[in-house]
Each structure stands twice: as C-alpha cells, then as structure tokens.
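Structure data follow from structure-v5.txt (compact mmCIF, C-alpha atoms):
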# COMPACT_ATOMS: atom_id res chain seq x y z
CA MET A 1 -12.12 13.66 -30.84
CA ALA A 2 -11.14 14.13 -27.16
CA ALA A 3 -14.78 13.83 -26.11
CA VAL A 4 -15.11 10.52 -27.97
CA LEU A 5 -12.02 9.19 -26.18
CA ILE A 6 -13.58 10.06 -22.81
CA LEU A 7 -16.84 8.31 -23.71
CA ILE A 8 -14.90 5.18 -24.70
CA ALA A 9 -12.84 5.39 -21.49
CA ALA A 10 -15.99 5.77 -19.39
CA SER A 11 -17.47 2.67 -20.98
CA LEU A 12 -14.29 0.70 -20.20
CA TYR A 13 -14.20 2.01 -16.64
CA GLY A 14 -17.84 1.00 -16.25
CA VAL A 15 -16.92 -2.66 -16.66
CA SER A 16 -14.23 -2.57 -13.95
CA PRO A 17 -16.53 -2.70 -10.87
CA ILE A 18 -18.33 -5.73 -12.34
CA LEU A 19 -15.03 -7.56 -12.83
CA ALA A 20 -13.95 -6.56 -9.31
CA LYS A 21 -17.19 -7.92 -7.83
CA THR A 22 -16.63 -11.14 -9.77
CA ALA A 23 -13.12 -11.46 -8.32
CA TYR A 24 -14.42 -10.70 -4.81
CA GLY A 25 -16.91 -13.50 -5.26
CA TYR A 26 -14.01 -15.95 -5.54
CA GLY A 27 -12.45 -14.70 -2.32
CA VAL A 28 -10.05 -12.13 -3.76
CA THR A 29 -9.51 -9.26 -1.31
CA PRO A 30 -9.28 -5.61 -2.42
CA ILE A 31 -5.55 -5.41 -1.65
CA VAL A 32 -4.79 -8.52 -3.73
CA LEU A 33 -6.92 -7.20 -6.59
CA LEU A 34 -5.15 -3.85 -6.53
CA THR A 35 -1.70 -5.42 -6.25
CA TRP A 36 -2.10 -7.46 -9.42
CA ARG A 37 -4.11 -4.75 -11.20
CA SER A 38 -1.40 -2.11 -10.77
CA THR A 39 1.40 -4.57 -11.47
CA ILE A 40 -0.12 -5.63 -14.78
CA ALA A 41 -0.79 -2.00 -15.67
CA GLY A 42 2.79 -0.99 -14.84
CA VAL A 43 4.24 -3.72 -17.04
CA MET A 44 1.92 -2.75 -19.90
CA PHE A 45 2.76 0.96 -19.76
CA TRP A 46 6.52 0.46 -19.38
CA GLY A 47 6.48 -1.95 -22.31
CA ALA A 48 4.59 0.53 -24.48
CA ALA A 49 6.78 3.47 -23.36
CA VAL A 50 9.99 1.59 -24.18
CA ALA A 51 8.63 0.31 -27.50
CA LEU A 52 7.61 3.81 -28.56
CA ARG A 53 10.81 5.38 -27.17
CA ARG A 54 9.01 7.54 -24.64
CA ALA A 55 10.74 6.13 -21.55
CA CYS A 56 13.46 8.80 -21.33
CA GLN A 57 11.39 11.82 -22.35
CA VAL A 58 10.76 13.22 -18.85
CA ASN A 59 12.84 15.44 -16.57
CA LEU A 60 13.69 14.60 -12.97
CA ARG A 61 11.28 17.13 -11.46
CA ILE A 62 8.29 15.69 -13.31
CA LEU A 63 9.52 12.17 -12.55
CA ALA A 64 9.52 13.01 -8.84
CA VAL A 65 5.99 14.41 -9.03
CA LEU A 66 4.77 11.28 -10.80
CA ALA A 67 6.46 9.06 -8.21
CA VAL A 68 4.79 10.97 -5.38
CA LEU A 69 1.41 10.68 -7.07
CA GLY A 70 1.90 6.97 -7.62
CA THR A 71 2.77 6.31 -3.99
CA THR A 72 0.26 8.65 -2.31
CA LEU A 73 -2.78 10.12 -4.04
CA VAL A 74 -3.43 7.35 -6.57
CA PRO A 75 -3.29 4.36 -4.19
CA ILE A 76 -5.38 6.31 -1.67
CA GLN A 77 -8.00 7.17 -4.31
CA VAL A 78 -8.15 3.76 -6.00
CA GLY A 79 -7.76 1.82 -2.77
CA SER A 80 -10.61 3.71 -1.10
CA TYR A 81 -12.89 3.06 -4.05
CA PHE A 82 -12.19 -0.66 -4.31
CA TYR A 83 -12.47 -1.10 -0.54
CA ALA A 84 -15.89 0.61 -0.63
CA LEU A 85 -16.81 -1.58 -3.59
CA ALA A 86 -16.35 -4.62 -1.34
CA LEU A 87 -18.98 -3.19 1.04
CA LEU A 88 -21.49 -1.59 -1.34
CA PRO A 89 -23.34 -2.62 -4.51
CA ALA A 90 -21.29 -1.94 -7.64
CA SER A 91 -23.97 0.36 -9.06
CA THR A 92 -24.14 2.53 -5.93
CA ALA A 93 -20.35 2.78 -5.57
CA SER A 94 -19.87 3.71 -9.21
CA VAL A 95 -22.54 6.40 -9.17
CA ILE A 96 -21.34 8.06 -5.96
CA VAL A 97 -17.67 8.19 -6.98
CA ASN A 98 -18.67 9.62 -10.35
CA THR A 99 -20.31 12.66 -8.78
CA SER A 100 -16.73 13.98 -8.77
CA PRO A 101 -17.47 16.57 -11.52
CA VAL A 102 -18.95 18.77 -8.80
CA HIS A 103 -15.62 18.83 -6.99
CA VAL A 104 -13.56 18.94 -10.18
CA ALA A 105 -15.39 22.15 -11.18
CA TRP A 106 -14.29 24.17 -8.14
CA MET A 107 -10.85 22.56 -7.93
CA GLU A 108 -10.14 23.31 -11.58
CA ARG A 109 -11.35 26.88 -11.14
CA LEU A 110 -8.98 27.43 -8.20
CA ALA A 111 -5.97 25.54 -9.56
CA LEU A 112 -6.05 26.18 -13.30
CA GLY A 113 -8.40 29.13 -13.73
CA GLU A 114 -10.68 27.15 -16.05
CA ARG A 115 -14.44 27.36 -15.57
CA LEU A 116 -17.68 26.20 -17.12
CA ALA A 117 -20.15 28.37 -18.96
CA PRO A 118 -23.50 28.90 -17.17
CA ALA A 119 -25.24 26.53 -19.60
CA ASP A 120 -22.67 23.84 -18.85
CA LEU A 121 -23.26 24.28 -15.12
CA VAL A 122 -26.96 23.59 -15.70
CA ILE A 123 -26.07 20.43 -17.62
CA LEU A 124 -23.70 19.40 -14.79
CA VAL A 125 -26.52 19.66 -12.24
CA MET A 126 -28.76 17.69 -14.59
CA ILE A 127 -26.23 14.89 -15.05
CA VAL A 128 -25.39 14.56 -11.34
CA GLY A 129 -29.09 14.62 -10.47
CA GLY A 130 -29.72 11.83 -12.95
CA ALA A 131 -26.83 9.87 -11.48
CA VAL A 132 -28.41 10.07 -8.03
CA LEU A 133 -31.53 8.44 -9.46
CA VAL A 134 -29.40 5.78 -11.12
CA ALA A 135 -27.92 4.89 -7.72
CA GLY A 136 -31.26 3.39 -6.79
CA ALA A 137 -32.22 2.44 -3.25
CA THR A 138 -30.52 4.18 -0.35
CA PRO A 139 -27.78 1.94 1.08
CA GLN A 140 -28.36 0.44 4.52
CA ILE A 141 -27.00 2.30 7.53
CA GLY A 142 -24.61 -0.61 8.06
CA HIS A 143 -22.79 0.59 4.96
CA ALA A 144 -22.00 3.96 6.55
CA PHE A 145 -18.26 3.29 6.66
CA GLY A 146 -18.27 2.23 3.03
CA LEU A 147 -20.09 5.44 2.11
CA ALA A 148 -17.61 7.54 4.07
CA THR A 149 -14.71 5.79 2.35
CA LEU A 150 -16.39 6.37 -1.01
CA GLY A 151 -16.83 10.06 -0.27
CA PHE A 152 -13.11 10.31 0.40
CA ALA A 153 -12.38 8.45 -2.84
CA THR A 154 -14.61 10.90 -4.73
CA LEU A 155 -12.63 13.91 -3.48
CA ALA A 156 -9.32 12.18 -4.24
CA SER A 157 -10.56 11.25 -7.73
CA ALA A 158 -11.49 14.87 -8.45
CA LEU A 159 -8.11 16.13 -7.27
CA TYR A 160 -6.26 13.52 -9.33
CA LEU A 161 -8.12 14.52 -12.49
CA VAL A 162 -7.19 18.18 -12.01
CA VAL A 163 -3.55 17.23 -11.38
CA GLN A 164 -3.55 15.07 -14.50
CA ARG A 165 -4.84 17.99 -16.55
CA ARG A 166 -1.76 19.97 -15.51
CA LEU A 167 0.73 17.09 -15.89
CA VAL A 168 -0.16 16.18 -19.47
CA ARG A 169 1.29 19.50 -20.56
CA ASP A 170 4.77 18.30 -19.58
CA VAL A 171 4.91 14.51 -19.97
CA HIS A 172 3.69 11.88 -22.40
CA PRO A 173 0.68 9.91 -21.07
CA LEU A 174 2.44 6.55 -21.44
CA MET A 175 5.39 7.63 -19.33
CA ALA A 176 3.16 9.28 -16.74
CA LEU A 177 1.10 6.15 -16.27
CA ALA A 178 4.17 3.87 -16.27
CA VAL A 179 5.69 5.71 -13.31
CA ILE A 180 2.40 6.17 -11.45
CA GLN A 181 1.31 2.55 -11.78
CA THR A 182 4.75 1.26 -10.79
CA GLY A 183 4.68 3.41 -7.66
CA SER A 184 1.18 2.22 -6.81
CA ALA A 185 2.19 -1.40 -7.35
CA GLY A 186 5.04 -0.95 -4.88
CA VAL A 187 2.65 0.44 -2.27
CA TYR A 188 0.16 -2.39 -2.72
CA TRP A 189 2.83 -5.12 -2.63
CA ALA A 190 4.27 -3.64 0.56
CA ALA A 191 0.81 -3.40 2.16
CA ALA A 192 -0.10 -6.97 1.20
CA LEU A 193 3.17 -8.41 2.50
CA ALA A 194 3.02 -6.35 5.70
CA ALA A 195 -0.49 -7.65 6.36
CA GLY A 196 0.66 -11.21 5.74
CA ARG A 197 -1.73 -11.59 2.80
CA THR A 198 -1.15 -14.18 0.13
CA VAL A 199 -1.21 -12.57 -3.28
CA LEU A 200 -2.04 -15.81 -5.05
CA LEU A 201 -5.32 -15.72 -6.95
CA PRO A 202 -7.59 -18.56 -5.74
CA HIS A 203 -9.29 -19.49 -9.03
CA PRO A 204 -8.62 -19.16 -12.79
CA ALA A 205 -11.85 -17.19 -13.18
CA ALA A 206 -10.63 -14.74 -10.55
CA ALA A 207 -7.35 -14.35 -12.46
CA VAL A 208 -9.27 -13.60 -15.65
CA ALA A 209 -11.42 -11.02 -13.87
CA VAL A 210 -8.40 -9.29 -12.32
CA ALA A 211 -6.46 -9.28 -15.60
CA GLY A 212 -9.49 -7.99 -17.47
CA SER A 213 -9.93 -5.19 -14.96
CA ALA A 214 -6.26 -4.25 -15.29
CA VAL A 215 -6.26 -4.18 -19.09
CA LEU A 216 -9.55 -2.28 -19.49
CA SER A 217 -8.73 0.24 -16.79
CA SER A 218 -5.23 0.79 -18.19
CA LEU A 219 -6.59 1.52 -21.64
CA ALA A 220 -9.21 3.83 -20.16
CA SER A 221 -6.57 5.71 -18.14
CA LEU A 222 -4.48 6.22 -21.26
CA LEU A 223 -7.44 7.54 -23.23
CA VAL A 224 -8.29 9.97 -20.42
CA LEU A 225 -4.78 11.39 -20.31
CA ILE A 226 -4.69 11.79 -24.08
CA ALA A 227 -8.03 13.61 -23.99
CA LEU A 228 -6.96 15.85 -21.09
CA ARG A 229 -4.37 17.43 -23.37
CA THR A 230 -7.18 19.33 -25.11
CA LEU A 231 -10.22 18.92 -22.84
CA ALA A 232 -10.71 20.64 -19.47
CA ALA A 233 -10.93 18.43 -16.39
CA THR A 234 -14.53 19.34 -15.53
CA ARG A 235 -15.71 18.62 -19.07
CA THR A 236 -13.82 15.33 -18.94
CA ALA A 237 -15.51 14.40 -15.66
CA MET A 238 -18.95 15.29 -17.03
CA LEU A 239 -18.54 13.06 -20.06
CA GLY A 240 -17.18 10.39 -17.74
CA MET A 241 -20.61 10.19 -16.10
CA LEU A 242 -21.37 7.58 -18.75
CA GLU A 243 -19.39 5.18 -16.54
CA PRO A 244 -22.05 4.60 -13.83
CA VAL A 245 -24.70 4.07 -16.51
CA VAL A 246 -22.60 1.25 -17.99
CA THR A 247 -21.95 -0.16 -14.51
CA VAL A 248 -25.63 -0.14 -13.54
CA VAL A 249 -26.73 -1.83 -16.77
CA LEU A 250 -24.07 -4.52 -16.36
CA SER A 251 -24.87 -4.85 -12.66
CA VAL A 252 -28.47 -5.60 -13.51
CA ALA A 253 -27.50 -8.03 -16.27
CA VAL A 254 -24.63 -9.83 -14.52
CA LEU A 255 -24.99 -9.34 -10.76
CA ALA A 256 -28.79 -9.62 -10.50
CA ASP A 257 -29.15 -6.01 -9.40
CA ARG A 258 -32.62 -4.46 -9.75
CA MET A 259 -33.68 -2.05 -12.48
CA THR A 260 -36.35 0.35 -11.23
CA TRP A 261 -38.28 3.14 -12.92
CA PRO A 262 -36.31 5.87 -11.06
CA ARG A 263 -33.07 4.23 -12.20
CA LEU A 264 -34.30 4.06 -15.77
CA ALA A 265 -35.30 7.73 -15.60
CA GLY A 266 -31.86 8.58 -14.20
CA ILE A 267 -30.13 6.75 -17.04
CA VAL A 268 -32.19 8.70 -19.57
CA ILE A 269 -31.34 11.98 -17.82
CA VAL A 270 -27.61 11.23 -17.66
CA LEU A 271 -27.44 10.12 -21.27
CA GLY A 272 -29.50 13.12 -22.34
CA GLY A 273 -27.23 15.49 -20.44
CA ILE A 274 -24.10 13.92 -21.91
CA THR A 275 -25.60 14.11 -25.41
CA VAL A 276 -26.43 17.82 -25.03
CA PHE A 277 -23.01 18.55 -23.55
CA TYR A 278 -21.25 16.62 -26.32
CA ALA A 279 -23.22 18.59 -28.91
CA ARG A 280 -22.13 21.84 -27.25
CA LEU A 281 -18.48 20.74 -27.38
CA ARG A 282 -18.76 20.15 -31.11
CA GLN A 283 -20.17 23.62 -31.77
CA PRO A 284 -17.58 26.02 -33.23
CA ARG A 285 -16.53 28.72 -30.77
CA SER A 286 -17.09 32.26 -31.90
CA GLY A 287 -14.00 34.43 -31.98
CA ARG A 288 -13.60 37.39 -29.68
Written form, structure tokens:
Amino acid sequence: MAAVLILIAASLYGVSPILAKTAYGYGVTPIVLLTWRSTIAGVMFWGAAVALRRACQVNLRILAVLAVLGTTLVPIQVGSYFYALALLPASTASVIVNTSPVHVAWMERLALGERLAPADLVILVMIVGGAVLVAGATPQIGHAFGLATLGFATLASALYLVVQRRLVRDVHPLMALAVIQTGSAGVYWAAALAAGRTVLLPHPAAAVAVAGSAVLSSLASLLVLIALRTLAATRTAMLGMLEPVVTVVLSVAVLADRMTWPRLAGIVIVLGGITVFYARLRQPRSGR
C-alpha cells in the first residue's frame, strides 16, 4: 500500500513544475509562487490537523525540530528547485532533482542503518540511467548557475527525505506538515517583503496555477509522509522517479517540449525499473 501512495504522490508532484511554468509565464516570480504555495499548504494542513484533533499531539522537542526544518532546510530545498525551474526547462529540472535516490541511499545508510539489497542497487542504477535519457538535450552553458542551484536542491531533497523517515516515527504527518509549511511561509513572506516584491498575483490564470500547485503538492507531501512510516527513504525515492516521467510527458503536451527517441527509451527504462522494483516490494520476505 505504501508503494502505491508514493506512485500517486510522484504523479501529483510531476504536475507541479508544469503549473509553476504556467505561473511564471504570467510574470509570477519564484518567491511569490513559493509564498502563496506554502501559505495555502499551511492553512490546509492546520485545518486538517485541528479537524482530526492532531494539533496537540506533539511534544516541544519535536515541535522545535519541525520549526527548524520549516525555516531552514525546506525553504532552501524548495526555493532552490523553483528558482532553477525559472532558468531551466521543466523536464530537465525535474529529472535532475529526482536523481536524489543516489544520495538518499548513502545518507540513509549512514543515518538510519538501512540499506538496499544488491538487486535493488542494480535497479537504482537502471532507473537513474533512464532518467538521464529522459532529461533530453544537454542544457546550454548559460544555464550553469541554474544547474548548480539544482544540484544543491537535489542534495537538500535527499537529506529532507531521510529526516522525514525518522520524524514520522514520532509525529503525525498532518501536524509535521502544518508546522513545516507554516515556518516556510514565514520565511518566504519575510523574503518577499524584504525584497520589496508585491505578492499580488497578476492574472486569474496565474492564481489558479499557483493554487493548483499548492493543493497537489500538499496532497503529495502527505502521501509521502504516510508511506515513509513503513517504507525506507531510498525505496521511496526510487518509486518517486515516476515524477520526472509525468513531468516530461506533460511538458511535451503542454509546454511544446520535444519528445525524442532517447527520451522515449528513458521513459521505458524508468517505468520498467519502477515496475520491477514494485514487484520486488510485493514479494513476501522469507523469515530468518
């Protein structure tokens, strides 16, 4: 069941870069997008936590950790990604940031003592290799800063996933996300106001795109945290490689991106790897 939740979350996440690009097309800046995105998410999660009586079920130590995450690692990770997305094609940005399973594997091994079986490592290499093909043409050298920013976002994303895997043992996903998103919203509002940016959305279509991104990403984040209660971080990241496939397909359909034979081959490889890995997860484990 956890694997299915991750596949659904990856599909939802895959739509987010397309909506972001749509908003950017109307003149929305990354900081304005992130300000409204995190604000909407925070309101949604607090509303759900209060309605389900989860708002008080967290101790002060965990609350402090969540607040630190929400004001440091998360805005750095998400902000870096959406800034790079303003400089790079949506398909390229999505594929590169989703090579994070490579980093999640060694981080999880060091932090939590969890590791992949040799067969799973082979599948990981297969999936990441397919994702590189999906990325398509090599970005222009003028996008070097965007690529560097994206590389930083990839490392931060991997670290955040490993931290989430540990946190879900002690706090309900709704409460965790409520605190994290509220902290992030505070950071983005402060940054926008300090930079003298107007946070008004310039067009109704931009507002729809931003709201859609917030709702879909919020639901995806919740599904990931629920799944992480039973699924290791590296396995979660591997299944999450469905995200760039969704992004590339939508990028071709909506943003007039190009579909090439190498990309098509990469999509087949990624989907094949995910299918094999999902089948392995469903196999009963032999007792020792």
>> Using Å and a single decimal, report how far atom CA of Ile31 of chain A sits from atom CA of Ser184 of chain A.
In response: 11.4 Å
> Quick one: residues within 10 Å of Ala148 of chain A, all atoms listed in the file counted, chain neighbours fewer than 6 positions away excluded, as a PyMOL selection string?
Replying inline: chain A and resi 80+84+154
Take the residues from that selection and put them in a file with C-alpha atoms, as a PDB file, in the frame of the given file.
ATOM      1  CA  SER A  80     -10.610   3.710  -1.100  1.00  0.00           C
ATOM      2  CA  ALA A  84     -15.890   0.610  -0.630  1.00  0.00           C
ATOM      3  CA  THR A 154     -14.610  10.900  -4.730  1.00  0.00           C
TER       4      THR A 154
END
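The gap separating atom CA of His103 of chain A from atom CA of Leu228 of chain A is 16.8 Å, in Å to one decimal.
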Within 12 Å of Ala191 of chain A, counting only C-alpha atoms, which residues show up once you throw out same-chain ones fewer than 2 positions away? Write them as a PDB file with C-alpha atoms, in the frame of the given file, please.
ATOM      1  CA  PRO A  30      -9.280  -5.610  -2.420  1.00  0.00           C
ATOM      2  CA  ILE A  31      -5.550  -5.410  -1.650  1.00  0.00           C
ATOM      3  CA  VAL A  32      -4.790  -8.520  -3.730  1.00  0.00           C
ATOM      4  CA  LEU A  34      -5.150  -3.850  -6.530  1.00  0.00           C
ATOM      5  CA  THR A  35      -1.700  -5.420  -6.250  1.00  0.00           C
ATOM      6  CA  THR A  71       2.770   6.310  -3.990  1.00  0.00           C
ATOM      7  CA  PRO A  75      -3.290   4.360  -4.190  1.00  0.00           C
ATOM      8  CA  GLY A  79      -7.760   1.820  -2.770  1.00  0.00           C
ATOM      9  CA  SER A 184       1.180   2.220  -6.810  1.00  0.00           C
ATOM     10  CA  ALA A 185       2.190  -1.400  -7.350  1.00  0.00           C
ATOM     11  CA  GLY A 186       5.040  -0.950  -4.880  1.00  0.00           C
ATOM     12  CA  VAL A 187       2.650   0.440  -2.270  1.00  0.00           C
ATOM     13  CA  TYR A 188       0.160  -2.390  -2.720  1.00  0.00           C
ATOM     14  CA  TRP A 189       2.830  -5.120  -2.630  1.00  0.00           C
ATOM     15  CA  LEU A 193       3.170  -8.410   2.500  1.00  0.00           C
ATOM     16  CA  ALA A 194       3.020  -6.350   5.700  1.00  0.00           C
ATOM     17  CA  ALA A 195      -0.490  -7.650   6.360  1.00  0.00           C
ATOM     18  CA  GLY A 196       0.660 -11.210   5.740  1.00  0.00           C
ATOM     19  CA  ARG A 197      -1.730 -11.590   2.800  1.00  0.00           C
ATOM     20  CA  THR A 198      -1.150 -14.180   0.130  1.00  0.00           C
ATOM     21  CA  VAL A 199      -1.210 -12.570  -3.280  1.00  0.00           C
TER      22      VAL A 199
END
Spatial neighbours of Leu63 of chain A, max dist 12 Å, all atoms listed in the file, sep filter under 6 positions, as a JSON list (two decimals) with C-alpha atoms, in the coordinates of the input:
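selection-v5.json was written with the following content:
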[["chain", "number", "residue", "atom", "x", "y", "z"],
["A", 55, "ALA", "CA", 10.74, 6.13, -21.55],
["A", 56, "CYS", "CA", 13.46, 8.80, -21.33],
["A", 57, "GLN", "CA", 11.39, 11.82, -22.35],
["A", 69, "LEU", "CA", 1.41, 10.68, -7.07],
["A", 70, "GLY", "CA", 1.90, 6.97, -7.62],
["A", 167, "LEU", "CA", 0.73, 17.09, -15.89],
["A", 170, "ASP", "CA", 4.77, 18.30, -19.58],
["A", 171, "VAL", "CA", 4.91, 14.51, -19.97],
["A", 172, "HIS", "CA", 3.69, 11.88, -22.40],
["A", 175, "MET", "CA", 5.39, 7.63, -19.33],
["A", 176, "ALA", "CA", 3.16, 9.28, -16.74],
["A", 177, "LEU", "CA", 1.10, 6.15, -16.27],
["A", 178, "ALA", "CA", 4.17, 3.87, -16.27],
["A", 179, "VAL", "CA", 5.69, 5.71, -13.31],
["A", 180, "ILE", "CA", 2.40, 6.17, -11.45],
["A", 183, "GLY", "CA", 4.68, 3.41, -7.66]]
Neighbours of segment 232-243 of chain A within 6 Å (only C-alpha atoms; same-chain residues fewer than 6 positions away dropped), as a PDB file with C-alpha atoms, in the frame of the given file?
ATOM      1  CA  ALA A  10     -15.990   5.770 -19.390  1.00  0.00           C
ATOM      2  CA  SER A  11     -17.470   2.670 -20.980  1.00  0.00           C
ATOM      3  CA  GLY A  14     -17.840   1.000 -16.250  1.00  0.00           C
ATOM      4  CA  PRO A 101     -17.470  16.570 -11.520  1.00  0.00           C
ATOM      5  CA  VAL A 104     -13.560  18.940 -10.180  1.00  0.00           C
ATOM      6  CA  ALA A 105     -15.390  22.150 -11.180  1.00  0.00           C
ATOM      7  CA  VAL A 162      -7.190  18.180 -12.010  1.00  0.00           C
ATOM      8  CA  ILE A 274     -24.100  13.920 -21.910  1.00  0.00           C
TER       9      ILE A 274
END
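Nearest residue to Ile269 of chain A, choosing from A:Val128, A:Val210, A:Ala158, A:Val168 and counting only C-alpha atoms: A:Val128.
For the residues A:Phe277, A:His203, A:Pro17, A:Leu219, ranking by smallest atom-to-atom distance to Leu121 of chain A using all atoms listed in the file places A:Phe277 first.
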>> What does the structure give for the distance between atom CA of Tyr83 of chain A and atom CA of Val97 of chain A, in Å to one decimal?
In response: 12.4 Å
>> Can you pull out the residues contacting Ile123 of chain A? Cut-off 8 Å, using only C-alpha atoms, and skip same-chain residues under 3 positions away; I want them as a ChimeraX atom specification.
In response: /A:119-120,126-127,273,276-277
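With only C-alpha atoms as the atoms that count, the residue of A:Val50, A:Val78, A:Val249, A:Ala227 with the shortest distance to Ile8 of chain A is A:Ala227.
Distances here use all atoms listed in the file; by that measure, the residue among A:Ser251, A:Thr149, A:Ser16, A:Ser213 closest to Tyr81 of chain A is A:Thr149.
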